[in-house]
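Asker: Next comes target38.cif, mmCIF, C-alpha atoms and all ligand atoms:
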```
data_model
#
loop_
_atom_site.group_PDB
_atom_site.id
_atom_site.type_symbol
_atom_site.label_atom_id
_atom_site.label_comp_id
_atom_site.auth_asym_id
_atom_site.auth_seq_id
_atom_site.Cartn_x
_atom_site.Cartn_y
_atom_site.Cartn_z
ATOM 1 C CA MET V 107 -14.538 13.998 118.221
ATOM 2 C CA ILE V 108 -13.312 11.247 115.885
ATOM 3 C CA ASN V 109 -9.740 12.364 116.449
ATOM 4 C CA ARG V 110 -10.270 12.095 120.185
ATOM 5 C CA VAL V 111 -11.665 8.567 119.834
ATOM 6 C CA GLN V 112 -8.771 7.556 117.591
ATOM 7 C CA CYS V 113 -6.281 9.067 119.996
ATOM 8 C CA ASN V 114 -7.806 7.207 122.930
ATOM 9 C CA GLY V 115 -7.520 4.016 120.881
ATOM 10 C CA ALA V 116 -3.870 4.785 120.157
ATOM 11 C CA ARG V 117 -3.198 5.351 123.848
ATOM 12 C CA GLN V 118 -4.729 1.991 124.703
ATOM 13 C CA LEU V 119 -2.778 0.180 122.014
ATOM 14 C CA LEU V 120 0.437 1.706 123.310
ATOM 15 C CA GLY V 121 -0.419 0.940 126.907
ATOM 16 C CA PHE V 122 -0.584 4.555 128.142
ATOM 17 C CA SER V 123 -2.505 5.039 131.332
ATOM 18 C CA ASP V 124 -4.020 8.102 132.932
ATOM 19 C CA ILE V 125 -3.711 6.406 136.285
ATOM 20 C CA ASP V 126 0.025 7.007 136.262
ATOM 21 C CA GLU V 127 0.315 10.695 137.018
ATOM 22 C CA ALA V 128 3.760 10.924 135.474
ATOM 23 C CA VAL V 129 2.349 10.181 132.040
ATOM 24 C CA CYS V 130 0.964 13.030 129.998
ATOM 25 C CA ALA V 131 -1.292 13.044 126.960
ATOM 26 C CA PRO V 132 0.621 11.954 123.876
ATOM 27 C CA PRO V 133 0.586 14.312 120.909
ATOM 28 C CA PRO V 134 -1.960 12.853 118.454
ATOM 29 C CA CYS V 135 0.332 12.886 115.418
ATOM 30 C CA ALA V 136 3.004 10.610 116.884
ATOM 31 C CA ALA V 137 0.561 8.342 118.729
ATOM 32 C CA LEU V 138 -1.648 7.840 115.649
ATOM 33 C CA LEU V 139 1.357 7.159 113.428
ATOM 34 C CA GLU V 140 2.768 4.731 115.946
ATOM 35 C CA THR V 141 -0.383 2.626 116.068
ATOM 36 C CA GLN V 142 -1.183 3.105 112.381
ATOM 37 C CA LEU V 143 -4.544 4.655 113.206
ATOM 38 C CA LYS V 144 -5.659 7.534 111.011
ATOM 39 C CA PRO V 145 -6.830 11.071 111.794
ATOM 40 C CA ALA V 146 -10.458 11.962 111.102
ATOM 41 C CA HIS V 147 -9.874 13.743 107.803
ATOM 42 C CA ILE V 148 -8.148 10.682 106.321
ATOM 43 C CA LEU V 149 -10.983 8.420 107.499
ATOM 44 C CA ARG V 150 -13.394 10.798 105.790
ATOM 45 C CA VAL V 151 -11.458 10.671 102.526
ATOM 46 C CA MET V 152 -11.551 6.868 102.587
ATOM 47 C CA GLY V 153 -15.260 6.839 103.455
ATOM 48 C CA LEU V 154 -16.094 9.221 100.623
ATOM 49 C CA LEU V 155 -14.232 7.122 98.074
ATOM 50 C CA ARG V 156 -15.897 3.930 99.287
ATOM 51 C CA PHE V 157 -19.269 5.633 98.983
ATOM 52 C CA TRP V 158 -18.395 6.734 95.453
ATOM 53 C CA ARG V 159 -17.657 3.109 94.514
ATOM 54 C CA ILE V 160 -21.022 2.053 95.911
ATOM 55 C CA VAL V 161 -22.802 4.742 93.884
ATOM 56 C CA LEU V 162 -21.048 3.666 90.688
ATOM 57 C CA SER V 163 -21.895 0.033 91.367
ATOM 58 C CA ARG V 164 -25.667 0.761 91.303
ATOM 59 C CA PRO V 165 -27.721 0.485 88.080
ATOM 60 C CA LYS V 166 -28.498 3.814 86.388
ATOM 61 C CA GLN V 167 -32.205 3.562 87.221
ATOM 62 C CA CYS V 168 -31.517 3.004 90.909
ATOM 63 C CA MET V 169 -32.586 5.937 93.118
ATOM 64 C CA LEU V 170 -29.143 6.485 94.635
ATOM 65 C CA ARG V 171 -27.485 6.569 91.229
ATOM 66 C CA ARG V 172 -30.174 8.848 89.760
ATOM 67 C CA VAL V 173 -29.815 11.374 92.561
ATOM 68 C CA TRP V 174 -26.030 11.277 92.255
ATOM 69 C CA ASP V 175 -26.151 11.743 88.462
ATOM 70 C CA ALA V 176 -28.725 14.548 88.768
ATOM 71 C CA ILE V 177 -26.448 16.498 91.133
ATOM 72 C CA GLU V 178 -23.434 15.735 88.942
ATOM 73 C CA SER V 179 -25.163 17.204 85.895
ATOM 74 C CA HIS V 180 -25.697 20.444 87.843
ATOM 75 C CA HIS V 181 -22.512 20.385 89.848
ATOM 76 C CA SER V 182 -21.767 24.072 89.358
ATOM 77 C CA THR V 183 -24.905 24.959 91.318
ATOM 78 C CA SER V 184 -24.808 22.099 93.804
ATOM 79 C CA HIS V 185 -24.740 22.707 97.535
ATOM 80 C CA PRO V 186 -21.210 23.529 98.781
ATOM 81 C CA MET V 187 -21.508 20.718 101.334
ATOM 82 C CA SER V 188 -22.600 18.108 98.779
ATOM 83 C CA LEU V 189 -20.740 14.805 98.682
ATOM 84 C CA ASN V 190 -20.513 15.110 94.913
ATOM 85 C CA LEU V 191 -18.383 18.245 95.255
ATOM 86 C CA GLU V 192 -16.158 16.601 97.836
ATOM 87 C CA VAL V 193 -15.581 13.593 95.591
ATOM 88 C CA ARG V 194 -14.923 15.931 92.660
ATOM 89 C CA SER V 195 -12.304 17.859 94.582
ATOM 90 C CA LEU V 196 -10.659 14.577 95.583
ATOM 91 C CA GLN V 197 -10.594 13.532 91.929
ATOM 92 C CA GLN V 198 -8.885 16.817 91.035
ATOM 93 C CA LYS V 199 -6.406 16.489 93.857
ATOM 94 C CA HIS V 200 -5.547 12.874 93.031
ATOM 95 C CA PRO V 201 -6.041 12.552 89.264
ATOM 96 C CA ILE V 202 -6.211 9.088 87.760
ATOM 97 C CA PRO V 203 -3.069 8.613 85.601
ATOM 98 C CA ILE V 204 -3.567 9.411 81.916
ATOM 99 C CA GLY V 205 -4.416 6.314 79.898
ATOM 100 C CA THR V 206 -6.190 4.615 82.781
ATOM 101 C CA SER V 207 -9.674 4.996 84.180
ATOM 102 C CA VAL V 208 -11.475 4.562 87.447
ATOM 103 C CA PRO V 209 -11.661 0.816 88.205
ATOM 104 C CA ASN V 210 -14.831 -1.128 87.552
ATOM 105 C CA PRO V 211 -16.943 -0.722 90.733
ATOM 106 C CA LYS V 212 -17.249 -4.492 90.970
ATOM 107 C CA ASN V 213 -13.459 -4.817 91.140
ATOM 108 C CA LYS V 214 -13.085 -4.336 94.886
ATOM 109 C CA PRO V 215 -9.343 -5.149 95.082
ATOM 110 C CA ALA V 216 -8.563 -2.449 92.506
ATOM 111 C CA TRP V 217 -10.671 0.068 94.444
ATOM 112 C CA LYS V 218 -8.971 -0.894 97.650
ATOM 113 C CA GLU V 219 -5.617 -0.211 96.035
ATOM 114 C CA LEU V 220 -6.842 3.128 94.699
ATOM 115 C CA ILE V 221 -8.297 4.214 98.061
ATOM 116 C CA ASN V 222 -5.264 3.091 100.050
ATOM 117 C CA GLY V 223 -2.956 4.940 97.651
ATOM 118 C CA ILE V 224 -4.891 8.193 98.039
ATOM 119 C CA ALA V 225 -5.084 7.751 101.828
ATOM 120 C CA LYS V 226 -1.329 7.189 101.949
ATOM 121 C CA THR V 227 -0.646 10.362 99.971
ATOM 122 C CA GLU V 228 -2.952 12.350 102.261
ATOM 123 C CA MET V 229 -1.296 10.801 105.300
ATOM 124 C CA ASN V 230 2.206 11.666 104.062
ATOM 125 C CA THR V 231 1.119 15.279 103.540
ATOM 126 C CA TRP V 232 -0.296 15.394 107.063
ATOM 127 C CA VAL V 233 2.885 13.933 108.564
ATOM 128 C CA ALA V 234 5.053 16.372 106.579
ATOM 129 C CA GLU V 235 2.983 19.314 107.890
ATOM 130 C CA HIS V 236 3.459 18.215 111.497
ATOM 131 C CA ASP V 237 7.106 17.376 110.934
ATOM 132 C CA ALA V 238 7.796 20.810 109.423
ATOM 133 C CA LYS V 239 6.558 22.512 112.568
ATOM 134 C CA GLY V 240 9.437 20.938 114.520
ATOM 135 C CA GLY V 241 8.808 19.943 118.109
ATOM 136 C CA ARG V 242 7.677 16.548 119.235
ATOM 137 C CA ALA V 243 6.356 15.294 115.904
ATOM 138 C CA HIS V 244 9.728 16.100 114.315
ATOM 139 C CA ALA V 245 11.583 14.287 117.110
ATOM 140 C CA TYR V 246 9.260 11.314 116.639
ATOM 141 C CA CYS V 247 9.962 11.244 112.904
ATOM 142 C CA LEU V 248 13.712 11.182 113.566
ATOM 143 C CA ILE V 249 13.474 8.291 116.012
ATOM 144 C CA THR V 250 11.299 6.233 113.708
ATOM 145 C CA HIS V 251 13.491 7.155 110.711
ATOM 146 C CA LYS V 252 10.616 8.531 108.693
ATOM 147 C CA HIS V 253 13.130 10.854 107.028
ATOM 148 C CA MET V 254 15.045 8.017 105.466
ATOM 149 C CA ALA V 255 14.397 7.006 101.887
ATOM 150 C CA ASP V 256 13.930 3.426 103.013
ATOM 151 C CA LYS V 257 10.712 3.972 104.940
ATOM 152 C CA ARG V 258 9.286 1.112 106.904
ATOM 153 C CA PRO V 259 5.542 1.548 107.169
ATOM 154 C CA ASP V 260 5.114 -1.701 109.074
ATOM 155 C CA THR V 261 4.293 -1.813 112.767
ATOM 156 C CA PRO V 262 7.392 -0.991 114.818
ATOM 157 C CA ALA V 263 9.388 -4.050 115.911
ATOM 158 C CA TYR V 264 8.875 -3.467 119.625
ATOM 159 C CA LEU V 265 5.064 -3.519 119.305
ATOM 160 C CA GLN V 266 5.260 -6.990 117.780
ATOM 161 C CA ASP V 267 7.809 -8.267 120.278
ATOM 162 C CA LYS V 268 6.303 -11.037 122.419
ATOM 163 C CA GLU V 269 9.264 -11.066 124.813
ATOM 164 C CA LEU V 270 8.688 -7.521 126.039
ATOM 165 C CA ARG V 271 6.560 -7.076 129.140
ATOM 166 C CA PRO V 272 3.689 -4.583 128.771
ATOM 167 C CA ASN V 273 5.390 -2.017 130.993
ATOM 168 C CA GLN V 274 8.625 -2.324 128.991
ATOM 169 C CA ARG V 275 6.676 -1.792 125.793
ATOM 170 C CA ARG V 276 5.006 1.228 127.322
ATOM 171 C CA ASN V 277 8.303 2.763 128.433
ATOM 172 C CA ILE V 278 9.645 2.553 124.900
ATOM 173 C CA ALA V 279 6.377 3.869 123.430
ATOM 174 C CA LEU V 280 6.477 6.883 125.718
ATOM 175 C CA MET V 281 9.997 7.799 124.692
ATOM 176 C CA ARG V 282 9.307 7.213 120.991
ATOM 177 C CA THR V 283 6.149 9.280 120.870
ATOM 178 C CA GLN V 284 7.679 12.012 123.042
ATOM 179 C CA ALA V 285 4.748 11.590 125.402
ATOM 180 C CA ALA V 286 6.582 10.759 128.615
ATOM 181 C CA ALA V 287 6.910 13.023 131.566
ATOM 182 C CA TYR V 288 10.025 11.021 132.394
ATOM 183 C CA VAL V 289 12.159 13.818 131.097
ATOM 184 C CA ALA V 290 11.958 17.565 131.036
ATOM 185 C CA ALA V 291 11.616 17.347 127.274
ATOM 186 C CA HIS V 292 8.200 15.884 127.786
ATOM 187 C CA ALA V 293 7.137 17.619 130.960
ATOM 188 C CA GLN V 294 5.666 20.777 129.558
ATOM 189 C CA HIS V 295 2.166 19.366 129.738
ATOM 190 C CA ARG V 296 2.669 19.147 133.474
ATOM 191 C CA ALA V 297 2.939 22.836 134.208
ATOM 192 C CA GLY V 298 3.911 23.809 137.712
ATOM 193 C CA THR V 299 5.472 20.527 138.832
ATOM 194 C CA ALA V 300 7.739 20.642 141.874
ATOM 195 C CA LEU V 301 10.610 19.229 139.860
ATOM 196 C CA TYR V 302 10.324 21.136 136.615
ATOM 197 C CA GLY V 303 8.607 24.352 137.644
ATOM 198 C CA PRO V 304 6.427 26.355 135.282
ATOM 199 C CA ALA V 305 5.729 25.094 131.787
ATOM 200 C CA ALA V 306 8.418 26.023 129.281
ATOM 201 C CA GLY V 307 8.466 26.207 125.506
ATOM 202 C CA TYR V 308 9.685 23.155 123.649
ATOM 203 C CA GLY V 309 12.975 24.897 122.860
ATOM 204 C CA GLU V 310 13.628 25.767 126.517
ATOM 205 C CA ARG V 311 13.244 22.318 127.963
ATOM 206 C CA TYR V 312 16.586 22.262 129.728
ATOM 207 C CA CYS V 313 17.850 19.217 131.602
ATOM 208 C CA THR V 314 17.476 19.607 135.358
ATOM 209 C CA GLN V 315 20.775 17.919 136.178
ATOM 210 C CA GLN V 316 22.813 20.757 137.671
ATOM 211 C CA SER V 317 25.786 20.798 135.291
ATOM 212 C CA CYS V 318 23.463 20.398 132.287
ATOM 213 C CA LYS V 319 21.193 23.166 133.544
ATOM 214 C CA ARG V 320 24.129 25.580 133.866
ATOM 215 C CA ARG V 321 25.051 24.891 130.265
ATOM 216 C CA ARG V 322 21.383 25.137 129.192
ATOM 217 C CA ILE V 323 21.433 21.710 127.571
ATOM 218 C CA VAL V 324 18.132 20.726 126.011
ATOM 219 C CA ASP V 325 16.770 17.559 127.547
ATOM 220 C CA SER V 326 16.111 15.752 124.287
ATOM 221 C CA THR V 327 15.560 12.024 123.962
ATOM 222 C CA GLU V 328 19.117 11.793 122.668
ATOM 223 C CA HIS V 329 20.426 13.600 125.762
ATOM 224 C CA VAL V 330 18.532 11.306 128.137
ATOM 225 C CA MET V 331 19.339 8.059 126.379
ATOM 226 C CA LEU V 332 22.959 8.717 125.382
ATOM 227 C CA LYS V 333 24.464 11.755 127.098
ATOM 228 C CA CYS V 334 23.130 12.991 130.444
ATOM 229 C CA PRO V 335 25.816 12.347 133.118
ATOM 230 C CA SER V 336 23.124 11.689 135.761
ATOM 231 C CA HIS V 337 22.304 8.379 134.167
ATOM 232 C CA GLU V 338 25.799 7.202 133.286
ATOM 233 C CA PRO V 339 25.868 4.132 135.588
ATOM 234 C CA ALA V 340 22.460 2.948 134.364
ATOM 235 C CA ARG V 341 23.467 3.720 130.803
ATOM 236 C CA GLN V 342 26.639 1.640 131.059
ATOM 237 C CA ALA V 343 24.571 -1.323 132.246
ATOM 238 C CA MET V 344 22.198 -0.831 129.306
ATOM 239 C CA VAL V 345 24.989 -0.571 126.738
ATOM 240 C CA THR V 346 26.728 -3.681 128.143
ATOM 241 C CA LYS V 347 23.519 -5.715 127.791
ATOM 242 C CA ALA V 348 22.727 -4.267 124.363
ATOM 243 C CA ASP V 349 26.254 -4.934 123.080
ATOM 244 C CA ALA V 350 26.166 -8.530 124.354
ATOM 245 C CA ALA V 351 22.861 -9.120 122.537
ATOM 246 C CA LEU V 352 24.049 -7.454 119.342
ATOM 247 C CA THR V 353 27.302 -9.453 119.404
ATOM 248 C CA ALA V 354 25.303 -12.674 119.831
ATOM 249 C CA ALA V 355 23.065 -11.643 116.925
ATOM 250 C CA ALA V 356 26.095 -11.017 114.732
ATOM 251 C CA ILE V 357 27.612 -14.464 115.387
ATOM 252 C CA GLY V 358 26.617 -16.763 112.573
ATOM 253 C CA ALA V 359 25.032 -13.974 110.551
ATOM 254 C CA PRO V 360 26.398 -13.324 107.066
ATOM 255 C CA HIS V 361 29.444 -11.056 107.210
ATOM 256 C CA GLY V 362 28.523 -7.409 107.517
ATOM 257 C CA SER V 363 24.790 -7.992 107.851
ATOM 258 C CA ASN V 364 24.646 -7.202 111.583
ATOM 259 C CA ILE V 365 26.056 -4.259 113.455
ATOM 260 C CA GLY V 366 27.549 -6.238 116.380
ATOM 261 C CA SER V 367 27.446 -3.365 118.893
ATOM 262 C CA LEU V 368 25.450 -0.253 119.665
ATOM 263 C CA ALA V 369 28.299 2.096 118.718
ATOM 264 C CA ALA V 370 28.586 0.352 115.350
ATOM 265 C CA ALA V 371 25.075 1.576 114.497
ATOM 266 C CA GLY V 372 26.732 4.935 113.807
ATOM 267 C CA SER V 373 25.323 8.353 114.597
ATOM 268 C CA ASP V 374 23.445 9.172 117.789
ATOM 269 C CA ALA V 375 20.193 9.166 115.829
ATOM 270 C CA ARG V 376 20.861 5.637 114.590
ATOM 271 C CA GLN V 377 21.782 4.406 118.040
ATOM 272 C CA LEU V 378 18.513 5.859 119.311
ATOM 273 C CA GLN V 379 16.640 4.034 116.580
ATOM 274 C CA VAL V 380 18.213 0.751 117.674
ATOM 275 C CA LEU V 381 17.428 1.388 121.345
ATOM 276 C CA LEU V 382 13.859 2.540 120.746
ATOM 277 C CA GLY V 383 12.560 -0.137 118.434
ATOM 278 C CA SER V 384 13.182 1.100 114.894
ATOM 279 C CA PRO V 385 16.561 -0.385 113.973
ATOM 280 C CA PRO V 386 17.878 0.980 110.673
ATOM 281 C CA PRO V 387 17.084 -1.438 107.825
ATOM 282 C CA HIS V 388 19.418 -4.439 107.547
ATOM 283 C CA SER V 389 21.250 -3.544 110.783
ATOM 284 C CA ILE V 390 19.964 -6.487 112.817
ATOM 285 C CA ASN V 391 19.007 -9.753 111.192
ATOM 286 C CA GLY V 392 18.354 -13.214 112.508
ATOM 287 C CA ASP V 393 17.085 -14.315 115.894
ATOM 288 C CA ASP V 394 14.524 -11.848 117.222
ATOM 289 C CA LYS V 395 15.352 -12.834 120.784
ATOM 290 C CA HIS V 396 18.627 -10.948 120.570
ATOM 291 C CA TYR V 397 16.863 -7.760 119.588
ATOM 292 C CA SER V 398 14.302 -8.314 122.358
ATOM 293 C CA ALA V 399 17.194 -8.259 124.818
ATOM 294 C CA VAL V 400 18.292 -4.871 123.430
ATOM 295 C CA LEU V 401 14.777 -3.474 123.845
ATOM 296 C CA GLN V 402 14.474 -4.904 127.350
ATOM 297 C CA ALA V 403 17.750 -3.241 128.360
ATOM 298 C CA SER V 404 16.546 0.021 126.878
ATOM 299 C CA ALA V 405 13.108 -0.155 128.556
ATOM 300 C CA ASP V 406 14.685 -0.920 131.921
ATOM 301 C CA PHE V 407 17.042 2.042 131.516
ATOM 302 C CA ILE V 408 14.067 4.337 130.819
ATOM 303 C CA ARG V 409 12.425 3.028 133.976
ATOM 304 C CA GLU V 410 15.577 3.863 135.962
ATOM 305 C CA VAL V 411 15.528 7.378 134.521
ATOM 306 C CA TYR V 412 11.937 7.687 135.652
ATOM 307 C CA ASP V 413 12.747 6.547 139.183
ATOM 308 C CA TRP V 414 15.772 8.819 139.385
ATOM 309 C CA ARG V 415 13.948 11.899 138.148
ATOM 310 C CA TRP V 416 10.383 11.488 139.357
ATOM 311 C CA THR V 417 10.328 9.068 142.272
ATOM 312 C CA ASP V 418 13.588 10.238 143.872
ATOM 313 C CA LYS V 419 13.289 13.771 142.426
ATOM 314 C CA ARG V 420 17.042 14.042 142.061
ATOM 315 C CA THR V 421 18.776 16.814 140.126
ATOM 316 C CA VAL V 422 22.481 16.175 140.709
HETATM 317 ZN ZN ZN A 501 21.439 16.215 131.562
#
```
Represent the structure of the file as structure tokens.
Answerer:
Amino acid sequence: MINRVQCNGARQLLGFSDIDEAVCAPPPCAALLETQLKPAHILRVMGLLRFWRIVLSRPKQCMLRRVWDAIESHHSTSHPMSLNLEVRSLQQKHPIPIGTSVPNPKNKPAWKELINGIAKTEMNTWVAEHDAKGGRAHAYCLITHKHMADKRPDTPAYLQDKELRPNQRRNIALMRTQAAAYVAAHAQHRAGTALYGPAAGYGERYCTQQSCKRRRIVDSTEHVMLKCPSHEPARQAMVTKADAALTAAAIGAPHGSNIGSLAAAGSDARQLQVLLGSPPPHSINGDDKHYSAVLQASADFIREVYDWRWTDKRTV
């Protein structure tokens, strides 16, 4: 229930709409990560720890504290659903470093740091579990460079970009979170569509462009954005605009601090990161307007892909 509420919140923040029939439900992992909302079990961990602080902050004769201490003193026989046991298991899972102790309950900043640290560890474990299963969550992690040592936990650049129109932001969000039905890669939620036929497994999501289909090329985000011959004219227009913006960003910047062109970003994965709002660290510095232009070019390209594939239903 809580996960569903959080996921609906994530959809709203990203601008997803059920009204558009070409948009399918985003996988919760990517959508929650994207909006920095948390799944229910992490919220519960944080709530439990906050409650523990409140208990410890009460005087020993206070009813709440007395009940807590009474259950603690008989913890081996306490009810398996008791909050005391849950807090105990959290303490065992996330031990306080030797030589330190639990912060004074009146020291709220220290507790906040403690709780956020534990929540972050739990969150990383959750992300790693989803990532290890492959599929959409793994593709999301690659695009948002969560595999790199230099992780950037801040809100993605494109969500903070004031220059992007809401529909441009949404187009990028859909590609990043692998939630779009723009491409076959994301169409499996829409089983039985006229264009894509019956639902296929994630590994069999072949591009519907005829030459790609013959060669059984998987319609990944990388294929759509950088490779599929169907979209070459639109792609050239996107790259021209992106390169012009990146060149402008590089002028006046300290030598070597900006990439200057899309190709200079390096591997396909890195180019995707630039196009979809998570530029590799230190690749683009300076005036944000230049990067906005890159994102606008990318969002408009995604829209053209959508029109080509879904509105025109073309497969050549
Ligand atoms: Zn293709």
Asker: Determine the nearest neighbour of ligand ZN 501 (chain A) from the options V:Ala369, V:Ala350, V:Val380, V:Cys318, counting only C-alpha atoms and all ligand atoms.
Answerer: V:Cys318
Asker: Suppose you want the space between CA of Glu328 in chain V and CA of Tyr312 in chain V; what is it in Å?
Answerer: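 CA of Glu328 in chain V sits 12.9 Å away from CA of Tyr312 in chain V.
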Asker: CA of Gly241 in chain V to CA of Glu140 in chain V: how many Å, to one decimal?
Answerer: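 Value for the CA of Gly241 in chain V-CA of Glu140 in chain V distance: 16.5 Å.
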Asker: Skip Ser389 in chain V itself and residues of its chain fewer than 5 positions away, then list as a list in words all residues within 10 Å of it, counting all atoms listed in the file.
Answerer: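 Contacts, with the query itself left out: Leu352, Ala356, Gly362, Ser363, Asn364, Ile365, Gly366, Ala370, Ala371, Arg376 and Val380 of chain V.
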Asker: Can you translate the PyMOL selection byres (((not hetatm)) within 6 of (chain A and resi 501)) into the concrete residues it hits in this file, as a VMD selection string?
Answerer: chain V and resid 313 315 318 334
Asker: Report, as lines of an AutoDock Vina configuration file, the centre and edge lengths in Å (one decimal) of the axis-aligned box enclosing every listed atom of range 215-230 of chain V, padded by 3 Å on each side.
Answerer:
```
center_x = -4.2
center_y = 3.6
center_z = 98.9
size_x = 18.9
size_y = 23.5
size_z = 18.8
```
Asker: Using all atoms listed in the file, which residues sit within 9 Å of Arg275 in chain V once same-chain residues fewer than 4 positions away are excluded, as a PyMOL selection string?
Answerer: chain V and resi 120-121+264-265+267+270-271+279-280+401-402+405
Asker: Looking at all atoms listed in the file, which of V:Pro215, V:Asp349, V:Leu248, V:Lys144 is the one that sits closest to Ser373 in chain V?
Answerer: V:Leu248
Asker: Restricting the calculation to only C-alpha atoms: of V:Gln142, V:Gln197, V:Ser184, V:Ser326, which residue gets closest to Leu154 in chain V?
Answerer: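 Among the listed residues, V:Gln197 lies closest to Leu154 in chain V.
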Asker: Could you work out how far CA of Lys347 in chain V lies from CA of Thr250 in chain V, giving the answer in Å with one decimal?
Answerer: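 Computed distance, CA of Thr250 in chain V to CA of Lys347 in chain V, equals 22.1 Å.
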Asker: Translate the PyMOL selection byres (((chain V and resi 242) around 10) and not hetatm) into a concrete residue list for this structure, as a PDB file with C-alpha atoms, keeping the file's coordinate frame.
Answerer:
```pdb
ATOM      1  CA  PRO V 132       0.621  11.954 123.876  1.00  0.00           C
ATOM      2  CA  PRO V 133       0.586  14.312 120.909  1.00  0.00           C
ATOM      3  CA  CYS V 135       0.332  12.886 115.418  1.00  0.00           C
ATOM      4  CA  ALA V 136       3.004  10.610 116.884  1.00  0.00           C
ATOM      5  CA  HIS V 236       3.459  18.215 111.497  1.00  0.00           C
ATOM      6  CA  ASP V 237       7.106  17.376 110.934  1.00  0.00           C
ATOM      7  CA  LYS V 239       6.558  22.512 112.568  1.00  0.00           C
ATOM      8  CA  GLY V 240       9.437  20.938 114.520  1.00  0.00           C
ATOM      9  CA  GLY V 241       8.808  19.943 118.109  1.00  0.00           C
ATOM     10  CA  ALA V 243       6.356  15.294 115.904  1.00  0.00           C
ATOM     11  CA  HIS V 244       9.728  16.100 114.315  1.00  0.00           C
ATOM     12  CA  ALA V 245      11.583  14.287 117.110  1.00  0.00           C
ATOM     13  CA  TYR V 246       9.260  11.314 116.639  1.00  0.00           C
ATOM     14  CA  CYS V 247       9.962  11.244 112.904  1.00  0.00           C
ATOM     15  CA  LEU V 248      13.712  11.182 113.566  1.00  0.00           C
ATOM     16  CA  ARG V 282       9.307   7.213 120.991  1.00  0.00           C
ATOM     17  CA  THR V 283       6.149   9.280 120.870  1.00  0.00           C
ATOM     18  CA  GLN V 284       7.679  12.012 123.042  1.00  0.00           C
ATOM     19  CA  ALA V 285       4.748  11.590 125.402  1.00  0.00           C
ATOM     20  CA  ALA V 291      11.616  17.347 127.274  1.00  0.00           C
ATOM     21  CA  HIS V 292       8.200  15.884 127.786  1.00  0.00           C
ATOM     22  CA  TYR V 308       9.685  23.155 123.649  1.00  0.00           C
ATOM     23  CA  SER V 326      16.111  15.752 124.287  1.00  0.00           C
TER      24      SER V 326
END
```
Asker: So what does the PyMOL selection byres (((chain V and resi 111) around 12) and not hetatm) actually pick up in this one, as number ranges by chain?
Answerer: V: 107-110, 112-118, 134, 138, 143-146
Asker: When distances are computed from all atoms listed in the file, which of V:Glu310, V:Ile249, V:Gly223, V:Ala176 shows the smallest separation from Pro386 in chain V?
Answerer: V:Ile249
Asker: Since the input lacks atoms, please generate N, CA and C atoms for range 244-255 of chain V and provide them as a PDB file, keeping the file's coordinate frame.
Answerer:
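Writing the result to rebuild-v5.pdb gives the following:
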```pdb
ATOM      1  N   HIS V 244       8.456  16.180 115.042  1.00  0.00           N
ATOM      2  CA  HIS V 244       9.728  16.100 114.315  1.00  0.00           C
ATOM      3  C   HIS V 244      10.669  15.107 115.014  1.00  0.00           C
ATOM      4  N   ALA V 245      10.727  15.209 116.349  1.00  0.00           N
ATOM      5  CA  ALA V 245      11.583  14.287 117.110  1.00  0.00           C
ATOM      6  C   ALA V 245      11.107  12.847 116.904  1.00  0.00           C
ATOM      7  N   TYR V 246       9.808  12.658 116.879  1.00  0.00           N
ATOM      8  CA  TYR V 246       9.260  11.314 116.639  1.00  0.00           C
ATOM      9  C   TYR V 246       9.705  10.790 115.271  1.00  0.00           C
ATOM     10  N   CYS V 247       9.595  11.667 114.261  1.00  0.00           N
ATOM     11  CA  CYS V 247       9.962  11.244 112.904  1.00  0.00           C
ATOM     12  C   CYS V 247      11.434  10.835 112.833  1.00  0.00           C
ATOM     13  N   LEU V 248      12.288  11.537 113.576  1.00  0.00           N
ATOM     14  CA  LEU V 248      13.712  11.182 113.566  1.00  0.00           C
ATOM     15  C   LEU V 248      13.939   9.803 114.184  1.00  0.00           C
ATOM     16  N   ILE V 249      13.274   9.572 115.325  1.00  0.00           N
ATOM     17  CA  ILE V 249      13.474   8.291 116.012  1.00  0.00           C
ATOM     18  C   ILE V 249      12.972   7.126 115.163  1.00  0.00           C
ATOM     19  N   THR V 250      11.873   7.343 114.477  1.00  0.00           N
ATOM     20  CA  THR V 250      11.299   6.233 113.708  1.00  0.00           C
ATOM     21  C   THR V 250      11.796   6.234 112.258  1.00  0.00           C
ATOM     22  N   HIS V 251      12.845   6.967 112.019  1.00  0.00           N
ATOM     23  CA  HIS V 251      13.491   7.155 110.711  1.00  0.00           C
ATOM     24  C   HIS V 251      12.500   7.338 109.570  1.00  0.00           C
ATOM     25  N   LYS V 252      11.529   8.215 109.785  1.00  0.00           N
ATOM     26  CA  LYS V 252      10.616   8.531 108.693  1.00  0.00           C
ATOM     27  C   LYS V 252      11.251   9.477 107.670  1.00  0.00           C
ATOM     28  N   HIS V 253      12.459   9.979 107.988  1.00  0.00           N
ATOM     29  CA  HIS V 253      13.130  10.854 107.028  1.00  0.00           C
ATOM     30  C   HIS V 253      13.970  10.060 106.036  1.00  0.00           C
ATOM     31  N   MET V 254      14.182   8.796 106.344  1.00  0.00           N
ATOM     32  CA  MET V 254      15.045   8.017 105.466  1.00  0.00           C
ATOM     33  C   MET V 254      14.287   7.579 104.216  1.00  0.00           C
ATOM     34  N   ALA V 255      15.032   7.416 103.140  1.00  0.00           N
ATOM     35  CA  ALA V 255      14.397   7.006 101.887  1.00  0.00           C
ATOM     36  C   ALA V 255      13.756   5.633 102.055  1.00  0.00           C
TER      37      ALA V 255
END
```
